[in-house]
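> Sharing a structure here in structure tokens format.
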Amino acid sequence: MTRFNLIIAATIAAITVTLWAYINSPETEAPWPEVIQGFSFSPMQADDDPIQHKLPSREDIEADLALLSGTTFAVRTYRMEGAFAEIPAMARKYGINVALGAWLDKNLQQNESEVQRLIQYADRYRRNVVRVLVGNEVLLRENLSVDQLIGYIRRVRAQVGMPVSTAEPWHVWLKHPELVKEVDYIGVHMLPYWEGVNIDDAVDFIVERMNELKAKYPDKPIVIAEVGWPSNGRTRRGAVASEANEAIFLRRFLQRADQENYVYYVMEAFDQPWKTRIESGVGAYWGVFDTYRKPKFEFTKPIVEIPQWRELAGLSVVLALVVFALLLIDAKTLNNRGRGFLAVIAYALATAMVWIVYNYTQQYLSLSAIIVGILMLIGMIGVILVVLVESHEWAEALWVKERRRQIVPKPVEDSELPMVSIHVPAYNEPAQMLIKTLDALALLDYPHYEVLVIDNNTRDPEVWKPVQAHCRKLGERFRFFHVDPLSGFKSGALNYALQRTAAEATVIGVIDSDYVVASNWLRDLAPQFEREQIAVVQAPQDYRDVDENAFKAMAYAEYRGFFYIGMVTRNERNAIIQHGTMTLVRRSVLQEVGGWSEWCITEDAELGLMIFREGHEAMYIAKSYGKGLMPDTFQGYSNQRFRWAYGAMQIIRHHIGDLLGFNGGKLSSGQRYHFMAGWLPWIADGVNLLFNLAALGWSVAMILYPLRIDPPLIIFSALPLVLFSFKIAKGLYLYRGARIVGTITQTLAASLAGLALSHTIARAMWLGLFTRNKPFMRTPKMARASALFKALAVARQELLLMVALWTMAGVLGSRYETGTLDLLLWIIVLLVQSIPYLATVVVSMVSAFPSLSANLVCGGSCEEQRTRPAGGTQL
């Protein structure tokens, strides 16, 4: 690294560590008492599960009581099954009293067994059984009616000699005064986390509820049968589950409980991993000790959010330095602002990754949790890679000192100019359009060239014969070939022309049949072939019908991003994507690599890669030398992008060894990077389609099984939101910063048009991965615009997905409490993920109304915007 790079890295590292330190500032709270009044006591071990009747042994229970000895006066139990009934006897050895509990639910036969054993063992161990609890949250779960519960309570009260009650949340006691009359005390649960109360208000919330109960039932003693806060789990409105918050809440409560003379049982002694099945992820994490019997937080020292923050901060800095160093490989022209931007991105992503992985590993990892974690890690790495690639292009598009590889037109004597053979493939193209193309070629200011028109497989003579006649009219420089049948689509036609090219031609030019070239095209660019290393000279695709209507103005704004941002940055490392129009290629090199590949639907891009593999160079000039016609409808626009994306996947499959450097060849690391990185956002669109289908499936499961299926973890919601937000921000900033278009309206139109292609690209990537020889889809020009119903039919898949995502978001929002952060984020994700599909419907409908003025997009004359070069790419 250079000195300035080290300064940037050190500065942002210092800021990163400072932020870690600030977030983890120690918080002083009242110390934990030496002995508390009571613990809720469910001595389940890591592999125990009472639902499956897998219960701890007497030895395990006694070991836990020994651990609690000297820290609590009492424990509260919940069931009488197995060795639980003997807890009073074991607790007595350690001087611990017991609030003995029986478990009641819908199983009346089991309830009978629990009540009988409760009566039996309460009487047997009456010396240290200080109170009895008949059931736990029975009314809250709606397992029994109030009358059924009262029946059990009356039966127990009649046969035991200690106070009897049941345990319910505060609002249940307020709702059922008839229940209060039947108990000796109110056993109330105070769990402000479930109420969504902020940690700073939680203790006051309990005091207010206690005062409310006292006011309504002044003559009834109140025992807080459960009070606690979870160390992990979902955020519920203002309530955040964390080890630090558990420590803060309990230490504050214990101090206040002493002042208010509350009788309480802290919820709970030990974590309960089995509860993840019945209380979502949060049920496992209410213990003061973890499932391995280790304290989860400091009892007396200041509380720190993440005690290991120094190690995590150090790890994030190391990862960020590695990422930053990789981003700066071959970045000599990047200015200080660009380097600073990449440093910020590197440190932000590294810190986020470290924090996410740390946070996820703090839970009890079952097999399903491990699988989910692996999927999350894969998704996170994918998002990070896309963000890094997009950031790198962002920086190199805007913040460079100079461009390293620029075409500088230079005057050359006519006698020294190479002979150029221009090939114009055509299939069923309108004759007048193609004649206009040929007329422009006839006006080229260039001494040595020929034009070969190859009409392949056009059946109607009325289409191709006028073109043939016009070629004769233009003279011997123009040769026309009508071939039917001819295999290989466009590449087959180009190979046919290559075999019939004049012997003296050393450069092959290719333009599409709709392109009207500038007269100086060859004179400006052909001299570049003086350098033997140059095999390709490429000019951008450009279009002359931008003023025709609003749809074409939108599409044009979107096209410009690639040709005036992506291609410019790729040219810096000799890694451009060759196009099948406005391209010049050295004939000997074209023949060296075997001509145009007929197996690939994007033969032009594949040819460029093959040429690079042989060690040759290509040059790109961000200046228009010819203008064609855009697709008339969204269907044509979509088909064109489908072909590009499908072809990209064909190339990846066919040349993966070259792209990864396994097959030798002369591809540089920069070329391999740009080819893979350039297609990575398209691959991400393919993965995003799977994500959306999975999101719909998960949402349906949430609706059908609300008690078993929770919203996905926040991180699963955050990943697509971050990626979507970053890509939108990058597009808007780059289009404005590089002056790709002239108005904010055009910038937004470009973003909308780009989003509208997301599903098309996703389908193309998956079909390109699993199919071969997809038919070549010609992009129709001068076609009649679609009617509205046809536009909607073209976008039917996107429309269906959009409606499905909206439906899921609406149903979840109406059925669930949206104050829960993870649910709220999930609903937002469903809506955000529908935006590209909405964009498709909107753009397709716009294309159905060709009368909509282009000025709606351009904010004035589109012609002025079209002829203005992009800033930041001027040569």
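For the structure tokens, the naming scheme is as follows: chains receive sequential letters (A, B, ...) according to their order of presentation, residues are indexed from 1 within each chain, and ligands are indexed from 1 in presentation order.
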Write out as a ChimeraX atom specification all residues of range 535-722 of chain A that backbone DSSP assigns to strand (DSSP E).

/A:535-538,583-586,617-620,626-627

> Which residues come within 10 Å of range 521-524 of chain A, counting only C-alpha atoms, excluding same-chain residues fewer than 5 positions away, as a ChimeraX atom specification?

/A:407-412,414,417-418,420,441,444-449,509,539,582,584,624-626

> Output N, CA and C atoms of each residue in that selection to a file, as a compact mmCIF listing (two decimals), in the first residue's frame.


# COMPACT_ATOMS: atom_id res chain seq x y z
N ILE A 407 -8.54 5.89 -26.80
CA ILE A 407 -8.30 5.98 -28.24
C ILE A 407 -8.05 7.45 -28.59
N VAL A 408 -6.94 7.69 -29.23
CA VAL A 408 -6.63 9.04 -29.71
C VAL A 408 -6.64 9.00 -31.23
N PRO A 409 -7.71 9.53 -31.86
CA PRO A 409 -7.73 9.53 -33.33
C PRO A 409 -6.53 10.28 -33.90
N LYS A 410 -5.95 9.71 -34.93
CA LYS A 410 -4.77 10.34 -35.53
C LYS A 410 -4.88 10.26 -37.06
N PRO A 411 -4.39 11.31 -37.72
CA PRO A 411 -4.47 11.30 -39.19
C PRO A 411 -3.51 10.27 -39.79
N VAL A 412 -3.97 9.54 -40.78
CA VAL A 412 -3.17 8.53 -41.47
C VAL A 412 -3.39 8.70 -42.97
N ASP A 414 -4.15 7.91 -46.73
CA ASP A 414 -5.09 6.93 -47.28
C ASP A 414 -4.40 5.63 -47.69
N LEU A 417 -4.07 3.15 -44.77
CA LEU A 417 -5.27 2.68 -44.07
C LEU A 417 -5.58 1.24 -44.48
N PRO A 418 -6.01 0.40 -43.52
CA PRO A 418 -6.31 -1.00 -43.85
C PRO A 418 -7.62 -1.11 -44.63
N VAL A 420 -11.15 -2.53 -45.08
CA VAL A 420 -12.17 -2.97 -44.13
C VAL A 420 -13.32 -3.61 -44.89
N LEU A 441 -23.61 3.80 -45.19
CA LEU A 441 -22.32 3.15 -45.45
C LEU A 441 -21.70 3.66 -46.76
N LEU A 444 -19.43 6.76 -46.34
CA LEU A 444 -18.26 6.72 -45.45
C LEU A 444 -17.07 7.45 -46.09
N ASP A 445 -16.42 8.26 -45.27
CA ASP A 445 -15.22 8.97 -45.72
C ASP A 445 -14.02 8.05 -45.49
N TYR A 446 -13.91 7.05 -46.37
CA TYR A 446 -12.86 6.05 -46.20
C TYR A 446 -12.56 5.45 -47.57
N PRO A 447 -11.28 5.28 -47.88
CA PRO A 447 -10.95 4.89 -49.25
C PRO A 447 -11.07 3.39 -49.55
N HIS A 448 -10.83 2.54 -48.54
CA HIS A 448 -10.71 1.09 -48.82
C HIS A 448 -11.72 0.30 -47.98
N TYR A 449 -12.87 0.03 -48.53
CA TYR A 449 -13.82 -0.80 -47.79
C TYR A 449 -14.80 -1.45 -48.76
N GLY A 509 -15.58 -5.26 -40.16
CA GLY A 509 -16.52 -4.42 -39.41
C GLY A 509 -17.88 -5.07 -39.41
N ALA A 539 -16.96 0.77 -30.68
CA ALA A 539 -17.70 1.99 -30.36
C ALA A 539 -19.02 1.60 -29.70
N MET A 582 -21.21 -2.00 -34.50
CA MET A 582 -20.22 -0.92 -34.32
C MET A 582 -18.89 -1.48 -33.83
N LEU A 584 -15.12 -3.38 -34.84
CA LEU A 584 -14.09 -3.67 -35.84
C LEU A 584 -13.17 -4.73 -35.25
N SER A 624 -20.14 8.11 -29.86
CA SER A 624 -21.07 7.47 -30.79
C SER A 624 -20.61 7.69 -32.23
N TYR A 625 -20.56 6.59 -33.01
CA TYR A 625 -20.26 6.66 -34.43
C TYR A 625 -21.37 6.06 -35.28
N GLY A 626 -22.46 5.67 -34.63
CA GLY A 626 -23.56 5.10 -35.38
C GLY A 626 -24.76 4.94 -34.47

> List the spatial neighbours of Ala239 in chain A as a PyMOL selection string - criterion: any atom at most 7 Å away, only C-alpha atoms, same-chain residues fewer than 3 positions off excluded.

chain A and resi 193+196-199+235-236

> Could you write out that same residue set with N, CA, C and O atoms as a PDB file, in the first residue's frame?


ATOM      1  N   TYR A 193     -40.848  -7.769  28.498  1.00  0.00           N
ATOM      2  CA  TYR A 193     -40.373  -8.034  27.136  1.00  0.00           C
ATOM      3  C   TYR A 193     -41.526  -8.405  26.224  1.00  0.00           C
ATOM      4  O   TYR A 193     -41.630  -7.922  25.084  1.00  0.00           O
ATOM      5  N   GLY A 196     -43.429  -5.660  24.817  1.00  0.00           N
ATOM      6  CA  GLY A 196     -42.743  -4.738  23.926  1.00  0.00           C
ATOM      7  C   GLY A 196     -42.246  -3.481  24.603  1.00  0.00           C
ATOM      8  O   GLY A 196     -42.019  -2.457  23.958  1.00  0.00           O
ATOM      9  N   VAL A 197     -42.028  -3.559  25.923  1.00  0.00           N
ATOM     10  CA  VAL A 197     -41.617  -2.389  26.696  1.00  0.00           C
ATOM     11  C   VAL A 197     -40.109  -2.187  26.570  1.00  0.00           C
ATOM     12  O   VAL A 197     -39.332  -3.146  26.682  1.00  0.00           O
ATOM     13  N   ASN A 198     -39.698  -0.962  26.380  1.00  0.00           N
ATOM     14  CA  ASN A 198     -38.275  -0.643  26.317  1.00  0.00           C
ATOM     15  C   ASN A 198     -37.596  -0.958  27.638  1.00  0.00           C
ATOM     16  O   ASN A 198     -38.191  -0.808  28.709  1.00  0.00           O
ATOM     17  N   ILE A 199     -36.326  -1.363  27.559  1.00  0.00           N
ATOM     18  CA  ILE A 199     -35.594  -1.760  28.761  1.00  0.00           C
ATOM     19  C   ILE A 199     -35.565  -0.655  29.815  1.00  0.00           C
ATOM     20  O   ILE A 199     -35.619  -0.925  31.015  1.00  0.00           O
ATOM     21  N   THR A 235     -36.781  -9.016  18.462  1.00  0.00           N
ATOM     22  CA  THR A 235     -37.103  -7.707  19.028  1.00  0.00           C
ATOM     23  C   THR A 235     -38.608  -7.494  18.934  1.00  0.00           C
ATOM     24  O   THR A 235     -39.202  -7.680  17.871  1.00  0.00           O
ATOM     25  N   ARG A 236     -39.215  -7.120  20.044  1.00  0.00           N
ATOM     26  CA  ARG A 236     -40.652  -6.865  20.091  1.00  0.00           C
ATOM     27  C   ARG A 236     -40.873  -5.380  20.375  1.00  0.00           C
ATOM     28  O   ARG A 236     -40.691  -4.930  21.503  1.00  0.00           O
TER      29      ARG A 236
END

> Between A:Ala645, A:Ala848, A:Ala21, A:Leu328, single out the one closest to His759 in chain A, counting only C-alpha atoms.

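Selected residue with least distance to His759 in chain A: A:Ala645.
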
> Could you give me, as number ranges by chain, each residue of range 381-496 of chain A that DSSP assigns to alpha helix (DSSP H) when run on this structure's backbone?

A: 381-398, 431-442, 461-474, 489-496

> Selected residues, N, CA and C atoms, written as a short mmCIF file (atom, residue, chain, number, x, y, z; two decimals), in the first residue's frame, please.


data_model
loop_
_atom_site.label_atom_id
_atom_site.label_comp_id
_atom_site.auth_asym_id
_atom_site.auth_seq_id
_atom_site.Cartn_x
_atom_site.Cartn_y
_atom_site.Cartn_z
N ILE A 381 -22.34 -13.59 2.06
CA ILE A 381 -21.13 -13.48 1.23
C ILE A 381 -21.51 -13.02 -0.18
N GLY A 382 -22.63 -13.56 -0.70
CA GLY A 382 -23.08 -13.13 -2.02
C GLY A 382 -23.40 -11.65 -2.07
N VAL A 383 -24.13 -11.18 -1.05
CA VAL A 383 -24.47 -9.75 -0.99
C VAL A 383 -23.21 -8.90 -0.88
N ILE A 384 -22.27 -9.33 -0.04
CA ILE A 384 -21.02 -8.58 0.13
C ILE A 384 -20.25 -8.52 -1.19
N LEU A 385 -20.18 -9.63 -1.91
CA LEU A 385 -19.47 -9.63 -3.18
C LEU A 385 -20.11 -8.67 -4.17
N VAL A 386 -21.44 -8.69 -4.25
CA VAL A 386 -22.12 -7.79 -5.18
C VAL A 386 -21.87 -6.34 -4.79
N VAL A 387 -21.97 -6.03 -3.50
CA VAL A 387 -21.75 -4.65 -3.04
C VAL A 387 -20.31 -4.22 -3.33
N LEU A 388 -19.35 -5.11 -3.11
CA LEU A 388 -17.95 -4.76 -3.38
C LEU A 388 -17.72 -4.51 -4.87
N VAL A 389 -18.30 -5.37 -5.71
CA VAL A 389 -18.16 -5.19 -7.16
C VAL A 389 -18.79 -3.88 -7.60
N GLU A 390 -20.01 -3.63 -7.11
CA GLU A 390 -20.70 -2.40 -7.48
C GLU A 390 -19.94 -1.18 -6.96
N SER A 391 -19.37 -1.28 -5.77
CA SER A 391 -18.60 -0.17 -5.19
C SER A 391 -17.35 0.11 -6.01
N HIS A 392 -16.69 -0.96 -6.44
CA HIS A 392 -15.47 -0.81 -7.23
C HIS A 392 -15.77 -0.09 -8.54
N GLU A 393 -16.86 -0.48 -9.20
CA GLU A 393 -17.23 0.20 -10.44
C GLU A 393 -17.62 1.65 -10.15
N TRP A 394 -18.33 1.87 -9.06
CA TRP A 394 -18.74 3.22 -8.64
C TRP A 394 -17.50 4.11 -8.52
N ALA A 395 -16.51 3.64 -7.80
CA ALA A 395 -15.30 4.44 -7.58
C ALA A 395 -14.55 4.69 -8.87
N GLU A 396 -14.39 3.63 -9.68
CA GLU A 396 -13.60 3.78 -10.90
C GLU A 396 -14.33 4.57 -11.99
N ALA A 397 -15.64 4.68 -11.87
CA ALA A 397 -16.39 5.47 -12.85
C ALA A 397 -16.28 6.96 -12.57
N LEU A 398 -16.14 7.32 -11.30
CA LEU A 398 -16.20 8.74 -10.94
C LEU A 398 -14.89 9.32 -10.45
N ALA A 431 -37.22 -3.52 -45.53
CA ALA A 431 -36.32 -3.13 -46.61
C ALA A 431 -35.90 -1.67 -46.52
N GLN A 432 -36.85 -0.79 -46.21
CA GLN A 432 -36.51 0.64 -46.17
C GLN A 432 -35.52 0.95 -45.05
N MET A 433 -35.64 0.25 -43.95
CA MET A 433 -34.69 0.46 -42.85
C MET A 433 -33.29 0.03 -43.27
N LEU A 434 -33.19 -1.14 -43.89
CA LEU A 434 -31.89 -1.65 -44.29
C LEU A 434 -31.28 -0.80 -45.41
N ILE A 435 -32.09 -0.30 -46.31
CA ILE A 435 -31.60 0.58 -47.37
C ILE A 435 -31.02 1.85 -46.78
N LYS A 436 -31.65 2.39 -45.74
CA LYS A 436 -31.12 3.58 -45.07
C LYS A 436 -29.75 3.30 -44.47
N THR A 437 -29.59 2.10 -43.92
CA THR A 437 -28.30 1.68 -43.36
C THR A 437 -27.24 1.65 -44.46
N LEU A 438 -27.58 1.09 -45.61
CA LEU A 438 -26.63 0.96 -46.72
C LEU A 438 -26.27 2.33 -47.30
N ASP A 439 -27.24 3.22 -47.35
CA ASP A 439 -26.96 4.56 -47.86
C ASP A 439 -25.93 5.28 -46.98
N ALA A 440 -26.04 5.09 -45.66
CA ALA A 440 -25.07 5.70 -44.77
C ALA A 440 -23.67 5.10 -44.98
N LEU A 441 -23.61 3.80 -45.19
CA LEU A 441 -22.32 3.15 -45.45
C LEU A 441 -21.70 3.66 -46.76
N ALA A 442 -22.55 3.97 -47.73
CA ALA A 442 -22.04 4.46 -49.01
C ALA A 442 -21.39 5.84 -48.87
N PRO A 461 -39.71 -12.90 -50.73
CA PRO A 461 -38.85 -12.16 -51.65
C PRO A 461 -39.14 -10.66 -51.66
N GLU A 462 -40.38 -10.28 -51.33
CA GLU A 462 -40.72 -8.87 -51.30
C GLU A 462 -39.94 -8.12 -50.22
N VAL A 463 -39.37 -8.86 -49.26
CA VAL A 463 -38.59 -8.24 -48.18
C VAL A 463 -37.14 -8.08 -48.61
N TRP A 464 -36.54 -9.11 -49.22
CA TRP A 464 -35.11 -9.03 -49.48
C TRP A 464 -34.74 -8.56 -50.88
N LYS A 465 -35.61 -8.72 -51.85
CA LYS A 465 -35.25 -8.33 -53.21
C LYS A 465 -35.03 -6.83 -53.40
N PRO A 466 -35.82 -5.96 -52.74
CA PRO A 466 -35.52 -4.52 -52.87
C PRO A 466 -34.13 -4.16 -52.34
N VAL A 467 -33.68 -4.87 -51.31
CA VAL A 467 -32.35 -4.62 -50.76
C VAL A 467 -31.29 -5.08 -51.76
N GLN A 468 -31.53 -6.23 -52.38
CA GLN A 468 -30.61 -6.73 -53.39
C GLN A 468 -30.47 -5.74 -54.54
N ALA A 469 -31.60 -5.20 -54.96
CA ALA A 469 -31.57 -4.24 -56.07
C ALA A 469 -30.83 -2.97 -55.66
N HIS A 470 -31.01 -2.55 -54.44
CA HIS A 470 -30.35 -1.33 -53.98
C HIS A 470 -28.84 -1.52 -53.91
N CYS A 471 -28.40 -2.71 -53.50
CA CYS A 471 -26.95 -2.98 -53.47
C CYS A 471 -26.35 -2.86 -54.87
N ARG A 472 -27.07 -3.37 -55.89
CA ARG A 472 -26.57 -3.24 -57.25
C ARG A 472 -26.46 -1.76 -57.63
N LYS A 473 -27.44 -0.99 -57.18
CA LYS A 473 -27.45 0.44 -57.49
C LYS A 473 -26.27 1.17 -56.86
N LEU A 474 -25.88 0.71 -55.65
CA LEU A 474 -24.79 1.38 -54.93
C LEU A 474 -23.42 1.04 -55.51
N PHE A 489 -27.93 -18.84 -37.15
CA PHE A 489 -28.48 -17.51 -36.86
C PHE A 489 -27.51 -16.41 -37.32
N LYS A 490 -27.35 -15.38 -36.46
CA LYS A 490 -26.51 -14.25 -36.85
C LYS A 490 -25.06 -14.67 -37.04
N SER A 491 -24.55 -15.51 -36.14
CA SER A 491 -23.15 -15.93 -36.26
C SER A 491 -22.95 -16.78 -37.51
N GLY A 492 -23.96 -17.55 -37.91
CA GLY A 492 -23.86 -18.32 -39.15
C GLY A 492 -23.75 -17.39 -40.35
N ALA A 493 -24.53 -16.30 -40.33
CA ALA A 493 -24.46 -15.33 -41.43
C ALA A 493 -23.10 -14.64 -41.46
N LEU A 494 -22.56 -14.31 -40.29
CA LEU A 494 -21.26 -13.63 -40.25
C LEU A 494 -20.14 -14.56 -40.71
N ASN A 495 -20.22 -15.81 -40.33
CA ASN A 495 -19.20 -16.76 -40.81
C ASN A 495 -19.30 -16.95 -42.33
N TYR A 496 -20.52 -16.94 -42.83
CA TYR A 496 -20.73 -17.05 -44.28
C TYR A 496 -20.06 -15.86 -44.98
#

> Considering only C-alpha atoms, can you say which of A:Lys552, A:Leu342, A:Leu748, A:Ile454 comes closest to Phe478 in chain A?

A:Ile454

> Near range 58-63 of chain A, counting only C-alpha atoms, which residues have an atom at most 8 Å away, once you skip same-chain residues fewer than 5 positions from it, shown as a list in words?

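Near range 58-63 of chain A, the qualifying residues are Pro43, Gln45, Ala83, Ile87, Met90 and Ala91 of chain A.
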
> If you count only C-alpha atoms, which residues fall within 6 Å of Thr581 in chain A, apart from same-chain ones fewer than 5 positions away, as number ranges by chain?

A: 510-512

> For a quick check of understanding, using only C-alpha atoms, which of A:Val207, A:Ala839, A:Trp679, A:Pro706 has the smallest distance to Ser758 in chain A?

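Distance minimum relative to Ser758 in chain A lands on A:Ala839.
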
> Would you list the contacts of range 131-147 of chain A as a tab-separated table (two decimals) with C-alpha atoms, in the first residue's frame, taking every protein, DNA or RNA residue within 7 Å and counting only C-alpha atoms, but skipping same-chain residues closer than 5 positions in sequence?


chain	number	residue	atom	x	y	z
A	99	ALA	CA	-43.05	-23.12	45.53
A	100	LEU	CA	-44.38	-26.44	44.25
A	101	GLY	CA	-46.18	-26.40	40.90
A	102	ALA	CA	-48.33	-28.76	38.83
A	103	TRP	CA	-48.66	-28.57	35.06
A	104	LEU	CA	-52.17	-28.37	33.60
A	105	ASP	CA	-53.19	-28.39	29.95
A	106	LYS	CA	-55.88	-29.91	27.72
A	153	ILE	CA	-57.70	-25.02	42.77
A	162	MET	CA	-49.99	-23.97	52.50
A	163	PRO	CA	-51.17	-21.05	50.34
A	164	VAL	CA	-52.55	-22.07	46.94
A	165	SER	CA	-52.81	-20.11	43.69
A	166	THR	CA	-52.17	-20.36	39.98
A	167	ALA	CA	-49.84	-18.34	37.76
A	168	GLU	CA	-51.08	-15.98	35.03

> Figure out the distance between CA of Arg613 in chain A and CA of Leu525 in chain A, please, to one decimal in Å.

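About the pair CA of Leu525 in chain A and CA of Arg613 in chain A: they are 23.0 Å apart.
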
> Using only C-alpha atoms, which residues sit within 9 Å of range 351-355 of chain A once same-chain residues fewer than 2 positions away are excluded, as a ChimeraX atom specification?

/A:16,312-313,315-317,319-320,346-349,357-360,377,380-381,384

> Here is a test: counting only C-alpha atoms, which residue of A:Glu617, A:Ala66, A:Phe297, A:Ile565 is nearest to Gly737 in chain A?

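Of A:Glu617, A:Ala66, A:Phe297, A:Ile565, the one nearest Gly737 in chain A is A:Ile565, counting only C-alpha atoms.
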
> Taking only C-alpha atoms into account, which of A:Pro56, A:Gly373, A:Gly731, A:Gly594 comes nearest Gln746 in chain A?

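Using only C-alpha atoms, the shortest distance to Gln746 in chain A belongs to A:Gly731.
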
> CA of Thr71 in chain A to CA of Phe39 in chain A: how many Å, to one decimal?

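That distance, rounded to one decimal, is 9.4 Å.
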
> Nearest to Val35 in chain A: which of A:Ile96, A:Leu179, A:Ile278, A:Leu689 is it, counting only C-alpha atoms?

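Closest to Val35 in chain A, using only C-alpha atoms: A:Ile96.
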
> Could you tell me how far CA of Val188 in chain A lies from CA of Tyr705 in chain A, in Å and to one decimal?

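CA of Tyr705 in chain A lies at a distance of 29.0 Å from CA of Val188 in chain A.
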